[in-house]
Amino acid sequence: MYTILQKSYSAPKVNVKEILRYAGVKEGDGGISELLKECLIEVENELVYRVCYAEFNCKIYGEIIDLEFVKINSKNLSSNLKNANKCIVFCATIGAKIDRLIAKYSVISPLKALLFQAIGAERIESLCNLFNNEIKQSYNAVKPRFSPGYGDLRVELQREIIEVLGANKRIGVTLNESLLMSPSKSVTAFIGANSSEK
Amino acid sequence: MFIKDYLKNNLIFLDGGMGTMLQKNGLKAGELPERFNVSNPEIVTSIHKAYFDAGSNVISTNTFGANVLKYNEKELENIIKSAVQNVKTAREQSKGSQPKWIALDVGPTGRMLAPYGDLSFEDAVNVFKKTVEFGVKYGVDLILIETMTDSYETKAAVIASKECCNLPIFVSNAFGEDGCLMTGANAFSLVTMLEGLGVDAIGANCSFGPKQLMPIIDEYLKHSSTPILVEPNAGLPRVVDGKTVYDVTTKEFAYDVCTLINKGVRIVGGCCGTTPEHIRELVNSAKGLKVAPIEKKNVTAISSYTHAVEFNIEPILIGERINPTGKKKLKEALKNGDIDYVLKEAVTQQEKGVHVLDVNVGLPEINEVQVLTDVVKQVQSIVDLPLQIDTSNVSAMESALRIYNGKPMINSVNGKEESMQAVFPLVKKYGGLVVCLTLDENGIPQTAEGRLEIAKRILAKAKEYGLDKKDLIFDPLALTISADKNSGIETIKAVKLITEELGAKTSLGVSNVSFGLPNRDAINGAFFTMALNSGLSCAIMNPNSMEMMKAYHAFKALNGLDENFLDYIKFTSELPQTVIGGEVQVQEAKSVQEAKTQLQNAIIKGLKERTAVITQELLKTQEPLDIIENEIIPALNIVGKGFENKTVYLPQLLMSAEASKVAFDGIKEKMKNSGVSSKCPIVIATVKGDIHDIGKNIVKLLLENYGFLVYDLGKDVAPEKIAEKVLALNAPIVCLSALMTTTVPSMEQTIKLVRQKAPWCKVLVGGAVLNKDYANQIGADYYAKDAMEAVRCAEEIQENIVKNNEEK
């Protein structure tokens with residue numbers, strides 16, 4: 001039997017450099033940094049940091065990975081999970097409000113829309129990093145996270161992940177017909193680990 | 001006994017968790033729990049029976065995810081049939097003596113509704129309808145809509161239930177730590193919407209343990225006249241020695257839920273992690289608790305998808321700018337489907353501080369049902385203020401009320417029999433705060449007393465339709481004083497009479513009073529103050545009117561409604577600055593010779609306000625086309641080249657583009673009058689299935705900068721719609737954007753269709769997953785790696801067209 005756990009975090013530290021990188025701008029470009037500050041203030045109370053996850057037994061037969069709830073055929077994931085006997089499956093989101101901000105500014109200021117887009121990208125990555133670091137502390141031999149859509153791992157797997165985690169009811173993440181997640185700043189991924197090694 | 005009658009004097013106990021119980025009984029990871037109804041009916045039945053034995057009055061069917069998006073119709077029917085039968089069997093087997101009912105459990109569809117997802121509101125209604133129809137067919141006693149994380153989807157589920165049956169509807173939402181649903185609604189806004197829709201119980205479930213739910217339940221109880229329901233989790237799960245444990249014990253759970261009962265909650269149960277033991281403990285602990293009567297709260301409120309606006313002591317401002325009457329630009333925008341113009345009007349009014357936006361699109365030459373519905377959807381996708389749906393077209397009103405996310409204001413009904421018969425049933429079905437104009441078949445009475453009489457008649461009629469006084473707001477009509485010098489005073493008197501004698505709320509379209517007089521703003525401001533002082537609850541007004549805004553802020557300050565005068569100080573601090581700023585800029589721009597370089601400078605630096613001022617100054621002496629050719633294009637080229645040479649980055653390019661757009665807006669106005677045509681039309685869209693549009697918007701902005709007439713069809717656009725528009729405009733260029741590998745096929749399809757219908761049209765594509773080879777492969781004519789390259793391509797096509805025309 002598996003248990004679905006969920007967590008809420010307070011805002012991870014903002015990495016301005018990374019936001020500017022996502023926005024395609026070099027550091028210290030006068031007006032942009034000021035505007036970015038404004039955007040960061042505007043977005044501050046609009047975000048949530050939620051994760052739901054579960055641990056599954058992981059059995060690997062060549063390129064086939066058996067994770068109890070799904071059998072996956074992927075060379076890349078199989079090599080990512082090499083020697084793992086557990087797999088943490090998670091879904092993370094920073095919520096739907098950032099999507100509304102992006103939509104609003106797409107109409108009135110594409111520049112701000114671009115900055116909010118970059119902020120969203122940085123925030124969800126920071127959340128995933130935070131979560132990954134926690135996993136590293138509670139498991140051994142933790143692998144880098146691997147998401148559907150990386151390499152040969154089919155993007156359709158998001159459907160199974162969201163379903164098995166009950167991510168819709170737990171943290172409000174849904175998938176549309178074209179396999180886009182909503183809220184858009186959400187991530188699903190696998191993290192391999194080993195329960196026997198130290 | 002009917003559950004609604006029982007609820008009047010009793011507590012109702014629901015059941016507890018199902019998912020965890022099924023897992024314990026063999027449901028495997030990845031297996032769909034609803035199928036267990038059919039494959040393992042005895043297990044499901046035994047869980048239901050355990051809850052009945054523990055004292056539950058209502059058992060929910062095991063149908064949380066049972067909908068046509070997950071199962072085909074045949075399997076869905078079979079699942080629901082078995083699910084209902086399982087509860088029926090459990091009810092027969094259980095010896096408990098309490099009254100027992102069966103609830104059809106309805107969970108979220110698992111898909112996000114548009115505009116942030118791809119499921120349309122009406123499709124969502126239809127998905128829920130299928131589930132509810134089968135539930136009703138197989139004999140459930142009530143509908144329990146639960147664990148909803150989106151207010152819009154909640155509304156779709158309620159409307160579907162109302163349209164399928166007359167069974168009681170209980171609704172419960174799942175909140176986040178911020179006290180809001182995933183999509184932003186807080187507890188007050190949900191109560192407002194759900195009471196408007198006339199549901200039988202409003203609640204919260206899942207999310208947390210009972211303690212953490214208390215603040216949300218307090219909010220519910222404060223505003224709701226409807227019974228409150230709660231089904232907390234047994235706290236949050238943890239894994240201890242490989243076993244799942246929840247951190248709230250059965251005793252603690254029962255104790256906390258009893259606290260909620262004492263506060264006034266009437267319907268209680270459990271969600272994730274709760275077991276028959278939790279329910280048994282709860283039923284036992286609740287024995288002997290006094291059942292509090294459900295109080296009627298006299299709350300007049302409307303809501304958006306995030307928050308409620310209450311009509312209480314503080315006056316409410318309703319922005320009137322989205323109304324084409326007397327507004328040439330808005331008329332043009334509505335006729336041309338230029339939604340951006342409307343949206344900017346919405347955002348500007350919000351920034352000026354209005355609480356509600358009036359939306360009126362009444363023009364003889366448009367399809368009002370379609371346009372009003374679209375505008376309401378679009379405005380709600382970017383502005384979180386509640387809206388006032390303003391139309392005399394009953395079909396348009398119904399269509400807009402249906403898709404509105406929340407409880408809107410409705411403008412309006414009047415004392416005419418015909419009007420009341422048409423509007424009141426809609427208010428009853430969809431919820432709304434309806435503006436009642438005090439006029440009838442005989443027109444507008446001259447006296448205040450006459451208007452009060454009509455108000456009374458309207459109120460009596462509304463009650464026949466089951467509406468409460470709190471959902472009516474009376475507009476005694478401000479008439480122009482230039483036609484009758486006493487009409488101002490009569491209106492003020494009527495506001496007072498309706499407020500005091502009828503105890504009802506009032507609204508006025510304030511600015512009518514000054515029609516035909518010079519310096520109308522002075523009269524409007526004074527009249528507004530008089531009306532507020534007589535009890536006016538809200539005004540439909542222009543937030544750009546300085547005198548009206550002054551009157552509003554001063555009134556609040558003088559009536560002790562502005563703590564520490566924070567709003568007043570903020571308002572006034574912004575006043576002189578704008579005035580001074582304007583003067584300085586005009587001074588700077590006084591020499592046209594100097595301004596020539598100033599405009600380029602302003603655009604390159606991305607200074608919007610400066611650009612606007614300088615452009616206006618230049619327009620006095622120069623031809624619009626000259627300004628474009630000599631000022632804007634060179635400036636943009638400087639920035640564009642910098643971008644291509646990587647000395648300027650995208651954000652700076654955008655800043656300049658936004659500034660030059662401001663210049664263009666000024667110039668366009670002038671060009672319209674002088675009949676100068678711009679470059680060729682371009683149709684632009686993000687292809688079907690893809691909802692990313694930032695890149696597309698950037699390309700659009702730059703193309704507009706370079707003088708192209710851009711028709712933006714938005715995102716997730718079907719191939720047919722794109723081809724149709726190209727054909728209608730005879731457009732020589734279409735720009736398509738796709739961000740994901742999964743939507744490139746949709747781009748290919750679009751190109752094929754455009755080729756077929758409009759073989760002359762050049763196709764320009766772009767997006768993160770594309771490259772030149774890929775673009776060739778799917779049959780595009782041009783691939784642009786960024787917005788500047790898109791402009792270069794478009795210019796090349798434009799030049800070829802001009803050349804060809806000359807050759808001919």
# chains A, B, ... in the order shown; residues from 1 in each chain; ligands from 1
call {"tool": "residues_around", "arguments": {"residues": "A:Gly192", "least_positions_apart": "5", "cutoff": "12 Å", "atoms": "only C-alpha atoms", "output": "PyMOL selection string"}}
result
chain A and resi 54-60+65+67+77-90+132+135-136+139-147
call {"tool": "interface_residues", "arguments": {"of": "chain A", "to": "chain B", "cutoff": "6 Å", "atoms": "only C-alpha atoms", "output": "ChimeraX atom specification"}}
result
/A:25,69,96,104,111,164,172,174-176,178
call {"tool": "residues_around", "arguments": {"residues": "B:Val726", "least_positions_apart": "5", "cutoff": "10 Å", "atoms": "only C-alpha atoms", "output": "mmCIF file with N, CA and C atoms, in the first residue's frame"}}
result
data_model
loop_
_atom_site.group_PDB
_atom_site.id
_atom_site.type_symbol
_atom_site.label_atom_id
_atom_site.label_comp_id
_atom_site.auth_asym_id
_atom_site.auth_seq_id
_atom_site.Cartn_x
_atom_site.Cartn_y
_atom_site.Cartn_z
ATOM 1 N N PRO B 681 -3.059 43.554 -44.079
ATOM 2 C CA PRO B 681 -3.568 42.861 -42.892
ATOM 3 C C PRO B 681 -2.826 41.542 -42.643
ATOM 4 N N ILE B 682 -2.649 41.215 -41.381
ATOM 5 C CA ILE B 682 -2.013 39.960 -40.992
ATOM 6 C C ILE B 682 -2.905 39.271 -39.971
ATOM 7 N N VAL B 683 -3.148 37.983 -40.181
ATOM 8 C CA VAL B 683 -3.897 37.214 -39.190
ATOM 9 C C VAL B 683 -2.890 36.467 -38.326
ATOM 10 N N ILE B 684 -3.075 36.532 -37.006
ATOM 11 C CA ILE B 684 -2.129 35.867 -36.114
ATOM 12 C C ILE B 684 -2.882 35.038 -35.075
ATOM 13 N N TYR B 711 -4.714 41.158 -36.984
ATOM 14 C CA TYR B 711 -5.948 40.593 -36.440
ATOM 15 C C TYR B 711 -5.573 39.401 -35.574
ATOM 16 N N GLU B 720 -10.102 25.943 -38.829
ATOM 17 C CA GLU B 720 -11.206 26.505 -39.623
ATOM 18 C C GLU B 720 -11.339 28.008 -39.359
ATOM 19 N N LYS B 721 -11.215 28.372 -38.088
ATOM 20 C CA LYS B 721 -11.414 29.766 -37.715
ATOM 21 C C LYS B 721 -10.315 30.641 -38.338
ATOM 22 N N ALA B 731 -6.286 38.208 -46.484
ATOM 23 C CA ALA B 731 -4.993 38.535 -45.876
ATOM 24 C C ALA B 731 -3.853 37.843 -46.613
ATOM 25 N N PRO B 732 -2.781 38.568 -46.921
ATOM 26 C CA PRO B 732 -1.640 37.952 -47.603
ATOM 27 C C PRO B 732 -0.682 37.227 -46.649
ATOM 28 N N ILE B 733 -0.839 37.455 -45.350
ATOM 29 C CA ILE B 733 0.071 36.830 -44.391
ATOM 30 C C ILE B 733 -0.713 36.250 -43.214
ATOM 31 N N VAL B 734 -0.335 35.036 -42.799
ATOM 32 C CA VAL B 734 -0.863 34.502 -41.553
ATOM 33 C C VAL B 734 0.321 34.052 -40.691
ATOM 34 N N VAL B 754 -5.264 26.414 -44.740
ATOM 35 C CA VAL B 754 -5.060 27.755 -45.296
ATOM 36 C C VAL B 754 -4.657 27.636 -46.780
ATOM 37 N N LYS B 757 -7.789 26.876 -48.790
ATOM 38 C CA LYS B 757 -8.809 27.926 -48.889
ATOM 39 C C LYS B 757 -8.236 29.225 -49.440
ATOM 40 N N ALA B 758 -6.988 29.505 -49.109
ATOM 41 C CA ALA B 758 -6.414 30.794 -49.489
ATOM 42 C C ALA B 758 -4.988 30.587 -49.993
ATOM 43 N N CYS B 761 -1.980 33.071 -49.633
ATOM 44 C CA CYS B 761 -1.537 33.567 -48.324
ATOM 45 C C CYS B 761 -0.213 32.929 -47.898
#
call {"tool": "select_by_dssp", "arguments": {"residues": "stretch 597-777 of chain B", "states": "strand (DSSP E or B)", "output": "number ranges by chain"}}
result
B: 681-687, 709-712, 717, 733-737, 762-766
call {"tool": "select_by_dssp", "arguments": {"residues": "stretch 118-221 of chain B", "states": "alpha helix (DSSP H)", "output": "JSON, numbers by chain"}}
result
{"B": [121, 122, 123, 124, 125, 126, 127, 128, 129, 130, 131, 132, 133, 134, 135, 136, 137, 151, 152, 153, 154, 155, 156, 157, 158, 159, 160, 161, 162, 163, 164, 187, 188, 189, 190, 191, 192, 193, 194, 195, 196, 197, 210, 211, 212, 213, 214, 215, 216, 217, 218, 219, 220, 221]}
call {"tool": "write_last_selection", "arguments": {"atoms": "C-alpha atoms", "output": "PDB file, in the first residue's frame"}}
result
ATOM      1  CA  PHE B 121     -18.219  25.964 -19.199  1.00  0.00           C
ATOM      2  CA  GLU B 122     -21.045  24.374 -21.178  1.00  0.00           C
ATOM      3  CA  ASP B 123     -19.023  21.193 -21.759  1.00  0.00           C
ATOM      4  CA  ALA B 124     -18.412  20.990 -18.019  1.00  0.00           C
ATOM      5  CA  VAL B 125     -22.162  21.370 -17.386  1.00  0.00           C
ATOM      6  CA  ASN B 126     -22.797  18.518 -19.815  1.00  0.00           C
ATOM      7  CA  VAL B 127     -20.196  16.268 -18.182  1.00  0.00           C
ATOM      8  CA  PHE B 128     -21.859  16.760 -14.786  1.00  0.00           C
ATOM      9  CA  LYS B 129     -25.317  16.301 -16.290  1.00  0.00           C
ATOM     10  CA  LYS B 130     -24.513  12.778 -17.469  1.00  0.00           C
ATOM     11  CA  THR B 131     -23.383  11.762 -13.985  1.00  0.00           C
ATOM     12  CA  VAL B 132     -26.342  13.390 -12.256  1.00  0.00           C
ATOM     13  CA  GLU B 133     -28.865  11.953 -14.723  1.00  0.00           C
ATOM     14  CA  PHE B 134     -27.708   8.416 -13.989  1.00  0.00           C
ATOM     15  CA  GLY B 135     -27.680   9.071 -10.257  1.00  0.00           C
ATOM     16  CA  VAL B 136     -31.245  10.340 -10.385  1.00  0.00           C
ATOM     17  CA  LYS B 137     -32.300   7.445 -12.617  1.00  0.00           C
ATOM     18  CA  SER B 151     -15.613  28.098  -8.148  1.00  0.00           C
ATOM     19  CA  TYR B 152     -16.389  28.051 -11.854  1.00  0.00           C
ATOM     20  CA  GLU B 153     -16.487  24.275 -12.007  1.00  0.00           C
ATOM     21  CA  THR B 154     -18.598  24.311  -8.836  1.00  0.00           C
ATOM     22  CA  LYS B 155     -21.112  26.533 -10.594  1.00  0.00           C
ATOM     23  CA  ALA B 156     -21.181  24.205 -13.616  1.00  0.00           C
ATOM     24  CA  ALA B 157     -21.922  21.237 -11.331  1.00  0.00           C
ATOM     25  CA  VAL B 158     -24.714  23.102  -9.524  1.00  0.00           C
ATOM     26  CA  ILE B 159     -26.358  24.253 -12.747  1.00  0.00           C
ATOM     27  CA  ALA B 160     -26.158  20.729 -14.171  1.00  0.00           C
ATOM     28  CA  SER B 161     -27.797  19.346 -11.018  1.00  0.00           C
ATOM     29  CA  LYS B 162     -30.535  21.990 -11.051  1.00  0.00           C
ATOM     30  CA  GLU B 163     -31.300  21.248 -14.665  1.00  0.00           C
ATOM     31  CA  CYS B 164     -31.503  17.471 -14.123  1.00  0.00           C
ATOM     32  CA  ALA B 187     -15.281  31.637   1.607  1.00  0.00           C
ATOM     33  CA  PHE B 188     -17.434  34.780   1.436  1.00  0.00           C
ATOM     34  CA  SER B 189     -17.418  34.803  -2.360  1.00  0.00           C
ATOM     35  CA  LEU B 190     -18.454  31.138  -2.422  1.00  0.00           C
ATOM     36  CA  VAL B 191     -21.339  31.700  -0.019  1.00  0.00           C
ATOM     37  CA  THR B 192     -22.432  34.613  -2.183  1.00  0.00           C
ATOM     38  CA  MET B 193     -22.372  32.617  -5.406  1.00  0.00           C
ATOM     39  CA  LEU B 194     -23.874  29.424  -3.977  1.00  0.00           C
ATOM     40  CA  GLU B 195     -26.721  31.150  -2.132  1.00  0.00           C
ATOM     41  CA  GLY B 196     -27.460  32.964  -5.356  1.00  0.00           C
ATOM     42  CA  LEU B 197     -27.716  29.600  -7.077  1.00  0.00           C
ATOM     43  CA  PRO B 210     -11.016  20.185  11.638  1.00  0.00           C
ATOM     44  CA  LYS B 211      -8.949  22.762  13.534  1.00  0.00           C
ATOM     45  CA  GLN B 212      -7.453  24.297  10.402  1.00  0.00           C
ATOM     46  CA  LEU B 213     -10.887  24.453   8.765  1.00  0.00           C
ATOM     47  CA  MET B 214     -12.314  26.603  11.564  1.00  0.00           C
ATOM     48  CA  PRO B 215     -11.439  30.048  10.154  1.00  0.00           C
ATOM     49  CA  ILE B 216     -13.094  29.098   6.862  1.00  0.00           C
ATOM     50  CA  ILE B 217     -16.189  27.787   8.637  1.00  0.00           C
ATOM     51  CA  ASP B 218     -16.350  31.000  10.700  1.00  0.00           C
ATOM     52  CA  GLU B 219     -16.408  32.992   7.459  1.00  0.00           C
ATOM     53  CA  TYR B 220     -19.176  30.758   6.118  1.00  0.00           C
ATOM     54  CA  LEU B 221     -21.279  31.102   9.245  1.00  0.00           C
TER      55      LEU B 221
END
call {"tool": "atom_distance", "arguments": {"atom1": "atom CA of B:Val769", "atom2": "atom CA of A:Gly151"}}
result
14.2 Å
call {"tool": "atom_distance", "arguments": {"atom1": "atom CA of B:Gly362", "atom2": "atom CA of B:Asn393"}}
result
8.5 Å
call {"tool": "closest_residue", "arguments": {"among": "A:Thr188, A:Thr3, A:Asn194, A:Ser10", "to": "A:Val155", "atoms": "only C-alpha atoms"}}
result
A:Thr188
call {"tool": "residues_around", "arguments": {"residues": "B:Ala526", "least_positions_apart": "5", "cutoff": "10 Å", "atoms": "only C-alpha atoms", "output": "PyMOL selection string"}}
result
chain B and resi 521+531-532+547-548+550-551
call {"tool": "write_last_selection", "arguments": {"atoms": "N, CA and C atoms", "output": "compact mmCIF listing (two decimals), in the first residue's frame"}}
result
# COMPACT_ATOMS: atom_id res chain seq x y z
N ASP B 521 -19.12 68.04 -14.56
CA ASP B 521 -18.44 67.37 -13.45
C ASP B 521 -18.74 68.02 -12.10
N ALA B 531 -26.55 62.57 -2.73
CA ALA B 531 -27.17 61.24 -2.78
C ALA B 531 -26.55 60.31 -1.74
N LEU B 532 -25.23 60.37 -1.62
CA LEU B 532 -24.56 59.53 -0.62
C LEU B 532 -25.06 59.86 0.77
N GLU B 547 -14.24 65.10 -9.97
CA GLU B 547 -15.16 65.60 -8.94
C GLU B 547 -15.89 64.45 -8.25
N MET B 548 -16.27 63.44 -9.02
CA MET B 548 -16.98 62.31 -8.43
C MET B 548 -16.04 61.54 -7.49
N LYS B 550 -13.46 62.75 -5.98
CA LYS B 550 -13.23 63.60 -4.81
C LYS B 550 -14.40 63.47 -3.84
N ALA B 551 -15.63 63.53 -4.39
CA ALA B 551 -16.82 63.43 -3.55
C ALA B 551 -16.82 62.12 -2.78
call {"tool": "residues_around", "arguments": {"residues": "B:Ala780", "least_positions_apart": "6", "cutoff": "8 Å", "atoms": "only C-alpha atoms", "output": "PyMOL selection string"}}
result
chain B and resi 751+762-765
call {"tool": "residues_around", "arguments": {"residues": "stretch 351-358 of chain B", "least_positions_apart": "5", "cutoff": "7 Å", "atoms": "only C-alpha atoms", "output": "VMD selection string"}}
result
chain B and resid 316 to 320 322 385 to 390 543
call {"tool": "residues_around", "arguments": {"residues": "A:Phe116", "least_positions_apart": "6", "cutoff": "8 Å", "atoms": "only C-alpha atoms", "output": "JSON, numbers by chain"}}
result
{"A": [39, 98, 101, 102]}
